[in-house]
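Pasting work-v6.csv here (CSV, C-alpha atoms and all ligand atoms):
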```
chain,number,residue,atom,x,y,z
A,1,MET,CA,0.0,0.0,0.0
A,2,SER,CA,1.3,3.4,-1.0
A,3,LEU,CA,2.5,5.6,2.0
A,4,TRP,CA,1.1,8.7,0.2
A,5,LYS,CA,-1.2,9.7,-2.6
A,6,GLU,CA,0.4,12.8,-4.1
A,7,PHE,CA,4.1,13.9,-4.2
A,8,LEU,CA,4.7,17.5,-5.1
A,9,HIS,CA,7.9,19.1,-6.3
A,10,PRO,CA,7.8,22.9,-5.7
A,11,THR,CA,10.8,24.9,-6.9
A,12,THR,CA,10.2,28.0,-4.7
A,13,VAL,CA,9.5,28.6,-1.0
A,14,GLN,CA,6.2,30.3,-1.9
A,15,GLU,CA,5.1,27.3,-4.0
A,16,ALA,CA,5.9,25.0,-1.1
A,17,VAL,CA,3.9,26.8,1.5
A,18,GLU,CA,1.0,27.4,-0.8
A,19,ALA,CA,1.0,23.7,-1.6
A,20,LEU,CA,1.0,22.9,2.1
A,21,ALA,CA,-2.0,25.2,2.6
A,22,SER,CA,-4.1,24.1,-0.4
A,23,ALA,CA,-3.1,20.5,-1.5
A,24,PRO,CA,-5.4,17.7,-0.4
A,25,SER,CA,-4.7,17.1,3.3
A,26,PRO,CA,-3.0,15.9,5.3
A,27,ALA,CA,-0.1,17.6,3.4
A,28,ILE,CA,3.3,17.7,5.0
A,29,PRO,CA,6.9,18.6,4.0
A,30,ILE,CA,9.5,16.0,3.3
A,31,ALA,CA,13.3,16.6,2.9
A,32,GLY,CA,15.7,13.7,3.2
A,33,GLY,CA,12.9,11.4,4.3
A,34,THR,CA,15.2,9.5,6.8
A,35,ASP,CA,12.9,10.1,9.7
A,36,LEU,CA,9.5,10.6,7.9
A,37,MET,CA,9.6,7.5,5.7
A,38,LEU,CA,10.4,5.2,8.5
A,39,ASP,CA,7.7,6.7,10.7
A,40,LEU,CA,5.1,6.4,7.9
A,41,GLN,CA,6.2,2.8,7.1
A,42,GLN,CA,6.2,1.7,10.8
A,43,GLY,CA,2.8,3.4,11.5
A,44,ASN,CA,4.4,6.0,13.9
A,45,HIS,CA,3.0,8.9,11.9
A,46,ALA,CA,-0.6,9.7,11.0
A,47,PRO,CA,-1.4,8.8,7.4
A,48,VAL,CA,-0.6,11.5,4.9
A,49,HIS,CA,-2.2,12.4,1.5
A,50,THR,CA,0.3,14.8,0.1
A,51,LEU,CA,4.1,15.0,0.5
A,52,VAL,CA,5.7,18.3,-0.4
A,53,ASP,CA,9.3,17.7,-1.4
A,54,LEU,CA,11.5,20.6,-0.3
A,55,THR,CA,14.8,19.4,-1.8
A,56,GLY,CA,14.2,21.0,-5.2
A,57,ILE,CA,14.1,24.5,-3.8
A,58,ALA,CA,17.4,26.2,-4.7
A,59,GLU,CA,17.2,28.8,-2.0
A,60,MET,CA,16.9,26.1,0.7
A,61,ARG,CA,20.1,24.4,-0.6
A,62,MET,CA,22.2,27.5,-0.1
A,63,LEU,CA,25.2,27.6,2.3
A,64,GLU,CA,26.8,31.0,2.2
A,65,LEU,CA,27.9,34.1,4.1
A,66,ARG,CA,25.1,36.7,4.3
A,67,ALA,CA,26.2,40.0,5.9
A,68,ASP,CA,27.3,39.2,9.4
A,69,ARG,CA,25.7,35.7,9.4
A,70,LEU,CA,26.4,32.2,8.0
A,71,PHE,CA,23.2,31.0,6.2
A,72,ILE,CA,22.6,27.2,6.0
A,73,GLY,CA,19.5,26.3,4.0
A,74,ALA,CA,17.2,23.8,5.7
A,75,VAL,CA,17.7,21.1,3.0
A,76,VAL,CA,21.4,21.1,3.2
A,77,ALA,CA,22.5,17.6,4.0
A,78,HIS,CA,24.7,16.7,7.0
A,79,ASN,CA,27.6,15.6,4.9
A,80,ARG,CA,27.7,18.9,3.1
A,81,ILE,CA,27.8,20.7,6.4
A,82,VAL,CA,30.7,18.5,7.6
A,83,GLU,CA,32.7,19.2,4.5
A,84,SER,CA,32.0,22.9,4.3
A,85,ALA,CA,35.1,25.1,5.0
A,86,LEU,CA,32.7,27.9,6.0
A,87,VAL,CA,30.9,25.8,8.6
A,88,GLN,CA,34.3,24.4,9.8
A,89,GLN,CA,35.5,28.0,10.4
A,90,HIS,CA,32.4,29.4,12.0
A,91,ALA,CA,30.5,26.5,13.7
A,92,GLN,CA,32.7,23.7,14.9
A,93,ALA,CA,30.1,22.3,17.2
A,94,LEU,CA,27.7,21.9,14.2
A,95,VAL,CA,30.4,20.2,12.1
A,96,GLU,CA,31.0,17.7,15.0
A,97,SER,CA,27.4,17.0,15.6
A,98,CYS,CA,26.4,16.5,12.0
A,99,GLY,CA,29.4,14.4,11.4
A,100,LEU,CA,28.2,11.8,14.0
A,101,ILE,CA,24.6,11.5,12.6
A,102,GLY,CA,23.8,8.0,11.4
A,103,GLY,CA,26.2,6.6,8.8
A,104,PRO,CA,27.5,8.0,5.5
A,105,GLN,CA,24.3,7.0,3.6
A,106,VAL,CA,22.0,8.8,6.2
A,107,ARG,CA,24.3,11.9,6.3
A,108,ASN,CA,24.1,12.1,2.5
A,109,MET,CA,20.3,12.3,2.5
A,110,ALA,CA,19.3,13.6,5.9
A,111,THR,CA,19.0,17.4,6.3
A,112,LEU,CA,19.6,19.9,9.0
A,113,GLY,CA,16.0,21.3,8.6
A,114,GLY,CA,14.6,17.8,9.1
A,115,ASN,CA,16.7,17.3,12.2
A,116,VAL,CA,15.3,20.5,13.7
A,117,ALA,CA,11.7,20.2,12.5
A,118,HIS,CA,11.4,16.7,14.0
A,119,ALA,CA,11.9,18.5,17.4
A,120,LEU,CA,13.5,15.6,19.3
A,121,PRO,CA,15.2,16.7,22.5
A,122,ALA,CA,18.5,15.0,21.7
A,123,ALA,CA,18.7,15.5,17.9
A,124,ASP,CA,22.4,15.9,17.3
A,125,GLY,CA,22.4,18.7,14.7
A,126,THR,CA,19.9,20.6,16.8
A,127,ILE,CA,22.0,20.4,20.0
A,128,GLY,CA,25.1,21.4,18.1
A,129,MET,CA,23.4,24.4,16.6
A,130,LEU,CA,21.5,25.4,19.8
A,131,ALA,CA,24.8,26.4,21.5
A,132,LEU,CA,25.6,28.7,18.6
A,133,GLU,CA,22.7,31.1,19.1
A,134,ALA,CA,21.2,30.3,15.7
A,135,GLU,CA,18.1,31.8,14.3
A,136,ALA,CA,15.6,30.0,12.1
A,137,GLU,CA,13.9,31.5,9.1
A,138,VAL,CA,10.3,30.3,8.9
A,139,ALA,CA,8.0,30.8,5.8
A,140,SER,CA,4.2,30.7,5.6
A,141,PRO,CA,1.9,31.7,2.8
A,142,GLN,CA,1.7,35.1,4.6
A,143,GLY,CA,5.4,35.8,4.7
A,144,ARG,CA,8.6,35.1,6.6
A,145,ARG,CA,10.0,35.6,10.0
A,146,ARG,CA,13.2,35.0,11.9
A,147,ILE,CA,13.1,33.5,15.3
A,148,PRO,CA,15.5,32.2,17.9
A,149,LEU,CA,16.1,28.4,17.2
A,150,GLN,CA,14.8,27.6,20.7
A,151,GLN,CA,11.3,28.9,19.8
A,152,ILE,CA,10.8,26.0,17.3
A,153,PHE,CA,10.5,23.5,20.1
A,154,VAL,CA,7.4,23.1,22.2
A,155,GLY,CA,7.5,19.4,23.3
A,156,PRO,CA,9.1,16.0,22.4
A,157,GLY,CA,8.6,15.6,18.7
A,158,LYS,CA,6.4,18.7,18.6
A,159,SER,CA,7.4,22.0,16.8
A,160,SER,CA,5.8,25.4,16.9
A,161,LEU,CA,5.5,25.4,13.1
A,162,ASN,CA,2.0,25.6,11.7
A,163,GLN,CA,0.8,23.0,9.2
A,164,ASP,CA,1.5,25.4,6.3
A,165,GLU,CA,4.9,26.7,7.5
A,166,ILE,CA,8.4,25.5,6.7
A,167,LEU,CA,11.9,26.1,7.9
A,168,VAL,CA,13.8,27.9,5.1
A,169,GLY,CA,17.2,27.9,6.8
A,170,PHE,CA,19.3,29.0,9.7
A,171,TYR,CA,21.4,32.1,10.4
A,172,LEU,CA,24.5,31.6,12.6
A,173,PRO,CA,26.6,34.4,14.1
A,174,LEU,CA,30.1,34.4,12.5
A,175,ARG,CA,32.9,33.2,14.8
A,176,GLN,CA,35.0,36.1,16.1
A,177,ALA,CA,38.5,36.1,17.5
A,178,HIS,CA,38.8,34.1,20.8
A,179,GLN,CA,35.4,32.3,20.3
A,180,ALA,CA,35.0,28.6,19.7
A,181,SER,CA,32.7,25.7,20.2
A,182,ALA,CA,32.7,21.9,20.6
A,183,PHE,CA,30.3,19.0,20.6
A,184,LYS,CA,30.4,15.5,22.2
A,185,ARG,CA,28.0,12.7,22.5
A,186,VAL,CA,27.7,9.2,23.9
A,187,MET,CA,25.9,6.6,21.8
A,188,ARG,CA,24.9,3.0,22.2
A,189,ALA,CA,27.1,0.6,20.2
A,190,GLN,CA,24.2,-0.9,18.3
A,191,GLY,CA,23.5,2.5,16.7
A,192,ILE,CA,20.0,3.4,17.8
A,193,ALA,CA,19.2,6.6,15.9
A,194,LEU,CA,19.5,9.0,18.9
A,195,PRO,CA,22.3,9.3,21.4
A,196,ILE,CA,22.3,8.5,25.1
A,197,LEU,CA,23.4,12.0,25.7
A,198,ASN,CA,24.9,14.8,23.7
A,199,GLN,CA,26.2,18.2,24.7
A,200,ALA,CA,27.7,21.3,23.0
A,201,SER,CA,29.5,24.3,24.5
A,202,TRP,CA,30.4,27.7,22.9
A,203,LEU,CA,32.5,30.2,24.7
A,204,GLU,CA,34.4,33.5,24.2
A,205,ARG,CA,37.6,33.9,26.2
A,206,ASP,CA,39.3,37.1,27.4
A,207,GLY,CA,42.8,36.0,28.6
A,208,ASP,CA,42.1,33.7,31.5
A,209,VAL,CA,38.4,34.7,31.8
A,210,ILE,CA,35.3,33.3,30.1
A,211,ARG,CA,33.7,36.3,28.7
A,212,GLN,CA,30.5,34.5,27.5
A,213,ALA,CA,29.3,30.9,27.4
A,214,ARG,CA,26.5,28.9,25.9
A,215,ILE,CA,25.6,25.3,26.8
A,216,SER,CA,23.2,22.9,25.2
A,217,VAL,CA,22.3,19.3,26.3
A,218,GLY,CA,20.0,16.6,25.0
A,219,PRO,CA,18.0,14.8,26.2
A,220,ALA,CA,17.6,17.0,29.3
A,221,GLY,CA,13.9,17.8,29.3
A,222,PRO,CA,11.0,17.7,26.9
A,223,VAL,CA,12.8,20.1,24.4
A,224,PRO,CA,16.4,20.6,23.3
A,225,PHE,CA,17.8,22.2,26.5
A,226,ARG,CA,19.8,25.4,26.8
A,227,ALA,CA,21.5,25.6,30.2
A,228,ARG,CA,21.0,29.3,30.9
A,229,LYS,CA,21.9,29.2,34.6
A,230,THR,CA,25.2,27.4,33.9
A,231,GLU,CA,25.9,29.9,31.2
A,232,ALA,CA,25.4,32.8,33.6
A,233,LEU,CA,27.6,31.1,36.2
A,234,LEU,CA,30.4,30.7,33.8
A,235,THR,CA,30.3,34.3,32.5
A,236,GLY,CA,33.1,36.4,33.9
A,237,LYS,CA,34.8,33.5,35.7
A,238,VAL,CA,38.5,32.5,35.4
A,239,PHE,CA,38.7,29.2,33.5
A,240,SER,CA,39.9,26.7,36.2
A,241,PRO,CA,39.1,23.3,37.6
A,242,GLU,CA,37.1,25.0,40.3
A,243,THR,CA,35.0,26.9,37.7
A,244,ILE,CA,34.3,23.7,35.8
A,245,ALA,CA,33.3,21.9,39.0
A,246,GLU,CA,30.8,24.8,39.8
A,247,ALA,CA,29.4,24.6,36.3
A,248,GLN,CA,29.0,20.8,36.5
A,249,ALA,CA,27.0,21.2,39.8
A,250,CYS,CA,24.9,24.0,38.3
A,251,LEU,CA,24.1,21.9,35.2
A,252,LEU,CA,23.1,18.9,37.3
A,253,ALA,CA,20.8,21.2,39.3
A,254,GLU,CA,19.1,22.9,36.3
A,255,ALA,CA,18.8,20.0,33.8
A,256,THR,CA,16.2,17.2,34.0
A,257,PHE,CA,17.3,13.7,33.1
A,258,ARG,CA,15.0,10.7,32.7
A,259,THR,CA,15.4,7.0,32.3
A,260,SER,CA,14.6,5.7,28.8
A,261,PRO,CA,14.4,1.9,28.4
A,262,ALA,CA,16.1,1.8,25.0
A,263,ARG,CA,19.0,4.1,26.0
A,264,ALA,CA,20.1,4.8,29.5
A,265,THR,CA,19.0,5.5,33.1
A,266,ALA,CA,18.7,9.0,34.5
A,267,GLU,CA,21.6,8.2,36.9
A,268,TYR,CA,23.9,7.2,34.1
A,269,ARG,CA,23.0,10.4,32.2
A,270,ARG,CA,23.9,12.5,35.2
A,271,GLU,CA,27.3,10.7,35.4
A,272,LEU,CA,27.9,11.4,31.7
A,273,VAL,CA,26.8,15.0,31.5
A,274,VAL,CA,29.5,16.3,33.8
A,275,VAL,CA,32.2,14.4,31.8
A,276,LEU,CA,30.9,15.8,28.5
A,277,LEU,CA,30.6,19.3,29.9
A,278,LYS,CA,34.2,19.3,31.1
A,279,ASN,CA,35.3,17.9,27.8
A,280,THR,CA,33.5,20.4,25.5
A,281,LEU,CA,34.4,23.4,27.7
A,282,THR,CA,38.1,22.4,27.7
A,283,THR,CA,38.1,21.8,24.0
A,284,ALA,CA,36.3,25.1,23.2
A,285,TRP,CA,38.6,26.9,25.6
A,286,GLU,CA,41.7,25.6,23.9
A,287,ARG,CA,40.3,26.3,20.4
A,288,ALA,CA,39.5,29.9,21.4
A,289,ALA,CA,43.1,30.6,22.5
B,301,LIG,C1,19.7,4.8,10.5
B,301,LIG,C2,19.4,6.2,11.1
B,301,LIG,C3,20.3,6.7,11.9
B,301,LIG,C4,20.1,8.0,12.5
B,301,LIG,N1,21.0,8.6,13.3
B,301,LIG,C5,20.8,9.8,13.8
B,301,LIG,C6,21.7,10.3,14.8
B,301,LIG,O1,22.7,9.8,15.1
B,301,LIG,N2,21.4,11.6,15.3
B,301,LIG,C7,20.3,12.3,14.9
B,301,LIG,O2,20.1,13.4,15.4
B,301,LIG,N3,19.4,11.8,14.1
B,301,LIG,C8,19.6,10.5,13.5
B,301,LIG,N4,18.7,10.0,12.6
B,301,LIG,C9,17.4,10.7,12.4
B,301,LIG,C10,17.4,11.6,11.0
B,301,LIG,O3,18.3,11.0,10.1
B,301,LIG,C11,17.8,13.0,11.2
B,301,LIG,O4,17.0,13.6,12.2
B,301,LIG,C12,17.7,13.8,9.9
B,301,LIG,O5,18.4,15.0,10.1
B,301,LIG,C13,16.3,14.1,9.5
B,301,LIG,O6,16.3,14.9,8.3
B,301,LIG,P1,15.5,14.5,7.0
B,301,LIG,O7,15.8,15.5,6.0
B,301,LIG,O8,15.7,13.1,6.7
B,301,LIG,O9,14.0,14.7,7.6
B,301,LIG,P2,12.6,14.1,7.0
B,301,LIG,O10,12.5,12.7,7.4
B,301,LIG,O11,12.4,14.5,5.6
B,301,LIG,O12,11.6,15.0,7.9
B,301,LIG,C14,11.5,14.9,9.3
B,301,LIG,C15,10.4,15.8,9.8
B,301,LIG,O13,10.7,17.1,9.6
B,301,LIG,C16,9.7,17.7,8.7
B,301,LIG,N5,10.5,18.6,7.9
B,301,LIG,C17,11.6,18.3,7.2
B,301,LIG,N6,12.2,19.4,6.6
B,301,LIG,C18,11.4,20.4,7.0
B,301,LIG,C19,11.5,21.8,6.8
B,301,LIG,N7,12.5,22.4,6.1
B,301,LIG,N8,10.5,22.6,7.3
B,301,LIG,C20,9.5,22.1,8.1
B,301,LIG,N9,9.4,20.7,8.3
B,301,LIG,C21,10.3,19.9,7.8
B,301,LIG,C22,9.0,16.6,8.0
B,301,LIG,O14,7.7,16.9,7.7
B,301,LIG,C23,9.1,15.5,9.1
B,301,LIG,O15,8.0,15.7,10.0
B,301,LIG,C24,18.9,8.7,12.1
B,301,LIG,C25,18.0,8.1,11.2
B,301,LIG,C26,18.3,6.9,10.7
B,301,LIG,C27,17.3,6.3,9.7
```
Can you turn what I pasted into structure tokens?
Ligand SMILES: Cc1cc2nc3c(=O)[nH]c(=O)nc-3n(C[C@H](O)[C@H](O)[C@H](O)COP(=O)(O)OP(=O)(O)OC[C@H]3O[C@@H](n4cnc5c(N)ncnc54)[C@H](O)[C@@H]3O)c2cc1C
Amino acid sequence: MSLWKEFLHPTTVQEAVEALASAPSPAIPIAGGTDLMLDLQQGNHAPVHTLVDLTGIAEMRMLELRADRLFIGAVVAHNRIVESALVQQHAQALVESCGLIGGPQVRNMATLGGNVAHALPAADGTIGMLALEAEAEVASPQGRRRIPLQQIFVGPGKSSLNQDEILVGFYLPLRQAHQASAFKRVMRAQGIALPILNQASWLERDGDVIRQARISVGPAGPVPFRARKTEALLTGKVFSPETIAEAQACLLAEATFRTSPARATAEYRRELVVVLLKNTLTTAWERAA
């Protein structure tokens, strides 16, 4: 039995959002299909009538500098991100997170937009980008808006996008002198699609002092988690073992870990997160020298 009735190939963003608004419903976007096809096949997604393929929209395949931002189109595949000199220069945590997703075949098809739109709390590309203060460009038939990435997420697997809205792409601040980021994750050996835990850190250093920091963790709550209290604690502190220990305690206090039968216990995640935090902070600190 066919998983869909109609498959549309818009070539512009406007055509895509109009198709989502007017095609026989349910109509939903598809990019690489690595999440969606499995979900449809395995009955984990409500039946659809129309799939609107976003991968033929040239604007959404762009990866380029735009004024003071790096723009990454939503249908850019993970492998292209990993190989991009621009992303390597400006967004190390994103390169490291996209480089660990699935295997080579998945990374050739799967897109950054699909990773974000699926809104899972531990999606690797999402956690990598969350620490970089990215903004998302959202298009609807009425127009476009740019919002902080975090506003996309409202619950596990649930985004704030309306049925006729799509992610066009992401805007990342350019990396300045003495700024750097890093991403690490722990994964089960048998390669279940999502990690036991992942974590990204971004920081700016001023001599021995952390001028600013941003920390993301997944899964650490119902949505991809930004550790604002830990970020505030690190700001203005001398980088030292004592500061890292304080940050670890703060992160444990503000994040929520739960036991998931297929991956790990909450206790194990608490053990891991302090190790990952020390690791990413130290790596980012050294890179920012
Ligand atoms: C074997 C395997 C291993 C995997 N390993 C990992 C892993 O290690 N880490 C990880 O994070 N993920 C992993 N995944 C999950 C998946 O590959 C990624 O989340 C991927 O980035 C999804 O992108 P996609 O283009 O395939 O999305 P799709 O499957 O096309 O779409 C996913 C969802 O997003 C919506 N959507 C897609 N693009 C847009 C857009 N531009 N605007 C609005 N909505 C949109 C779709 O309607 C759908 O609901 C794995 C999957 C497989 C099959």
* If you count only C-alpha atoms and all ligand atoms, which residues end up within 7 Å of ligand LIG 301 (chain B), as an MDAnalysis selection string? -> chainID A and resid 28:37 54 74:75 100:103 106 109:115 117:118 122:125 165:168 192:195
Residues of the last selection are to be written out with C-alpha atoms, as a compact mmCIF listing (two decimals), in the coordinates of the input.
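Okay, this is what ended up in out-v4.txt:
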```txt
# COMPACT_ATOMS: atom_id res chain seq x y z
CA ILE A 28 3.30 17.70 5.00
CA PRO A 29 6.90 18.60 4.00
CA ILE A 30 9.50 16.00 3.30
CA ALA A 31 13.30 16.60 2.90
CA GLY A 32 15.70 13.70 3.20
CA GLY A 33 12.90 11.40 4.30
CA THR A 34 15.20 9.50 6.80
CA ASP A 35 12.90 10.10 9.70
CA LEU A 36 9.50 10.60 7.90
CA MET A 37 9.60 7.50 5.70
CA LEU A 54 11.50 20.60 -0.30
CA ALA A 74 17.20 23.80 5.70
CA VAL A 75 17.70 21.10 3.00
CA LEU A 100 28.20 11.80 14.00
CA ILE A 101 24.60 11.50 12.60
CA GLY A 102 23.80 8.00 11.40
CA GLY A 103 26.20 6.60 8.80
CA VAL A 106 22.00 8.80 6.20
CA MET A 109 20.30 12.30 2.50
CA ALA A 110 19.30 13.60 5.90
CA THR A 111 19.00 17.40 6.30
CA LEU A 112 19.60 19.90 9.00
CA GLY A 113 16.00 21.30 8.60
CA GLY A 114 14.60 17.80 9.10
CA ASN A 115 16.70 17.30 12.20
CA ALA A 117 11.70 20.20 12.50
CA HIS A 118 11.40 16.70 14.00
CA ALA A 122 18.50 15.00 21.70
CA ALA A 123 18.70 15.50 17.90
CA ASP A 124 22.40 15.90 17.30
CA GLY A 125 22.40 18.70 14.70
CA GLU A 165 4.90 26.70 7.50
CA ILE A 166 8.40 25.50 6.70
CA LEU A 167 11.90 26.10 7.90
CA VAL A 168 13.80 27.90 5.10
CA ILE A 192 20.00 3.40 17.80
CA ALA A 193 19.20 6.60 15.90
CA LEU A 194 19.50 9.00 18.90
CA PRO A 195 22.30 9.30 21.40
```
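You will find CA of Ile244 in chain A at 20.9 Å from CA of Pro219 in chain A.
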* To do: Determine, counting all atoms listed in the file, which protein, DNA and RNA residues have an atom within 12 Å of an atom of Ala249 in chain A; residues of the same chain fewer than 3 positions away are not included. Present the result as number ranges by chain.
  => A: 227, 229-230, 233-234, 242-246, 252-255, 270-271, 273-275, 277-278
* Asked: Leaving out Asp68 in chain A and any residue of its chain fewer than 6 positions from it, which residues lie within 12 Å of it when counting all atoms listed in the file, given as a ChimeraX atom specification?
  -> /A:90,171-176
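Considering the residues A:Leu63, A:Ala23, A:Met129, A:Ile72 and counting only C-alpha atoms, Leu94 in chain A has its shortest atom-to-atom contact with A:Met129.
The interatomic distance for the pair CA of Pro261 in chain A and CA of Gly155 in chain A works out to 19.5 Å.
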* **Counting all atoms listed in the file, the residue of A:Thr11, A:Gln41, A:Ser84, A:Ser25 that sits nearest Glu64 in chain A** => A:Ser84
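The space between CA of Ala180 in chain A and CA of Pro156 in chain A spans 28.9 Å.
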* To do: Excluding Ile152 in chain A and residues on its chain fewer than 5 positions from it, collect all residues at most 12 Å away from it, counting all atoms listed in the file, and give them as a VMD selection string.
  => chain A and resid 113 115 to 121 126 130 134 to 138 146 to 147 157 to 162 165 to 167 170 223 to 224
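Near Gln212 in chain A, within 8 Å and counting only C-alpha atoms, sit Leu203, Glu204, Arg205, Glu231, Leu234, Thr235 and Gly236 of chain A, not including residues fewer than 5 positions from it in the same chain.
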* To do: Please identify all polymer residues within 10 Å of Glu15 in chain A, counting all atoms listed in the file, omitting same-chain residues fewer than 6 positions from it, and present them as a PyMOL selection string.
  => chain A and resi 8-9+21+52+54+57+141
* To do: Go ahead and find all residues with at least one atom no further than 10 Å from (-6.1, 11.9, 0.7) in the file's coordinates, using only C-alpha atoms; report them as a PyMOL selection string.
  => chain A and resi 4-6+23-27+47-50
Store the residues of this selection in a file with C-alpha atoms, as a PDB file, in the frame of the given file.
```pdb
ATOM      1  CA  TRP A   4       1.100   8.700   0.200  1.00  0.00           C
ATOM      2  CA  LYS A   5      -1.200   9.700  -2.600  1.00  0.00           C
ATOM      3  CA  GLU A   6       0.400  12.800  -4.100  1.00  0.00           C
ATOM      4  CA  ALA A  23      -3.100  20.500  -1.500  1.00  0.00           C
ATOM      5  CA  PRO A  24      -5.400  17.700  -0.400  1.00  0.00           C
ATOM      6  CA  SER A  25      -4.700  17.100   3.300  1.00  0.00           C
ATOM      7  CA  PRO A  26      -3.000  15.900   5.300  1.00  0.00           C
ATOM      8  CA  ALA A  27      -0.100  17.600   3.400  1.00  0.00           C
ATOM      9  CA  PRO A  47      -1.400   8.800   7.400  1.00  0.00           C
ATOM     10  CA  VAL A  48      -0.600  11.500   4.900  1.00  0.00           C
ATOM     11  CA  HIS A  49      -2.200  12.400   1.500  1.00  0.00           C
ATOM     12  CA  THR A  50       0.300  14.800   0.100  1.00  0.00           C
TER      13      THR A  50
END
```
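Residue nearest Pro241 in chain A, chosen from A:Leu281, A:Ala19, A:Leu3, A:Ala67 and counting only C-alpha atoms: A:Leu281.
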* Residue nearest Gln151 in chain A - candidates A:Glu286, A:Ala16, A:Met62, A:Arg226, atoms counted: all atoms listed in the file -> A:Arg226
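With all atoms listed in the file as the basis for measurement, A:Gly169 is the residue among A:Gly143, A:Gly221, A:Gly169, A:Pro148 that approaches Ala77 in chain A most closely.
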* To do: Take the point (40.8, 36.5, 31.6) as written in the file and pick out every residue within 9 Å of it, counting all atoms listed in the file; give the list as a PyMOL selection string.
  => chain A and resi 205-211+236-239
Could the residues in this selection be saved with C-alpha atoms as a compact mmCIF listing (two decimals), in the coordinates of the input?
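Saved the output as part07.txt:
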```
# COMPACT_ATOMS: atom_id res chain seq x y z
CA ARG A 205 37.60 33.90 26.20
CA ASP A 206 39.30 37.10 27.40
CA GLY A 207 42.80 36.00 28.60
CA ASP A 208 42.10 33.70 31.50
CA VAL A 209 38.40 34.70 31.80
CA ILE A 210 35.30 33.30 30.10
CA ARG A 211 33.70 36.30 28.70
CA GLY A 236 33.10 36.40 33.90
CA LYS A 237 34.80 33.50 35.70
CA VAL A 238 38.50 32.50 35.40
CA PHE A 239 38.70 29.20 33.50
```
